[in-house]
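Trainee: First the structure, which I've put down as structure tokens, then a few questions once you've had a look.
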Amino acid sequence: MDTKGNKIIAVDFDGTLHNGTWPEIGEENMTVINFCRNEQLNNGARLILWTNRVEKQLEDAVAWCKERGLEFDAVNENLPELIELYGNDCRKINADIYIDDKAVNPMRRRQIAGLTSLNPYDNPTDREAFAETQKQKEAERKEPNQNEETEKNSESDIQKEETRETETKL
């Protein structure tokens, strides 16, 4: 997430936003393009173009994307506010979602697994796992509080007993 809580999406160019291979630019992949535009326009997502292209080929890729309605918050680097926050621009792009044709779990395999969205937070399996993780974290947060309450109650009971004993002696 960025510093305002917006999702960050890092998207590759070759073989991902278009169906060609470097150095050519092939036919656009409208599934990925529409997903990125929708997330950016409707959900405030921040987009990072994450590609091996440099110089003129990178300029051509950025222009090609702009012609198709994709404008990036950063290109081959982290978001400026995250660079400032962490004090550097590490090599790994900080993102919530990485879309890349070389990914271990590309779309075709996600579909075979019954996951139909490019957004992992939209898939039932991912959503259930996320909800379970959140429940566990909440339980862990409550557990120390419950122990503290038990200790406070024990201390209070001891103090009450000591007060009764003192009053009885008087």
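In the structure tokens, the first chain shown is A, the next is B, and so on; residue numbers restart at 1 for each chain, and ligands run from 1 in the order shown.
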Residues at most 8 Å from stretch 6-12 of chain A, counting only C-alpha atoms, excluding those fewer than 5 positions away in the same chain, as a PyMOL selection string?

Mentor: chain A and resi 1+17+36+43-51+93-101

Trainee: As an exercise, work out the distance from atom CA of A:Ile83 to atom CA of A:Lys66 in Å and give it to one decimal place.

Mentor: 24.2 Å

Trainee: Would you compute the distance between atom CA of A:Gly69 and atom CA of A:Arg37? Give it in Å to one decimal.

Mentor: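 Calculated distance between atom CA of A:Gly69 and atom CA of A:Arg37 is 7.1 Å.
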
Trainee: Grab the atom CA of A:Lys92 to atom CA of A:Asn38 distance for me, in Å with one decimal place.

Mentor: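 Between atom CA of A:Lys92 and atom CA of A:Asn38 the gap works out to 24.6 Å.
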
Trainee: With distances taken over only C-alpha atoms, which residue among A:Asp89, A:Glu27, A:Glu140, A:Asp14 lies nearest A:Leu58?

Mentor: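 Under the stated criterion, the closest residue is A:Asp14.
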
Trainee: Pick the closest to A:Lys4 from A:Lys137, A:Glu81, A:Glu24, A:Gly87: which is it, counting only C-alpha atoms?

Mentor: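 Smallest separation from A:Lys4 among the options: A:Glu81.
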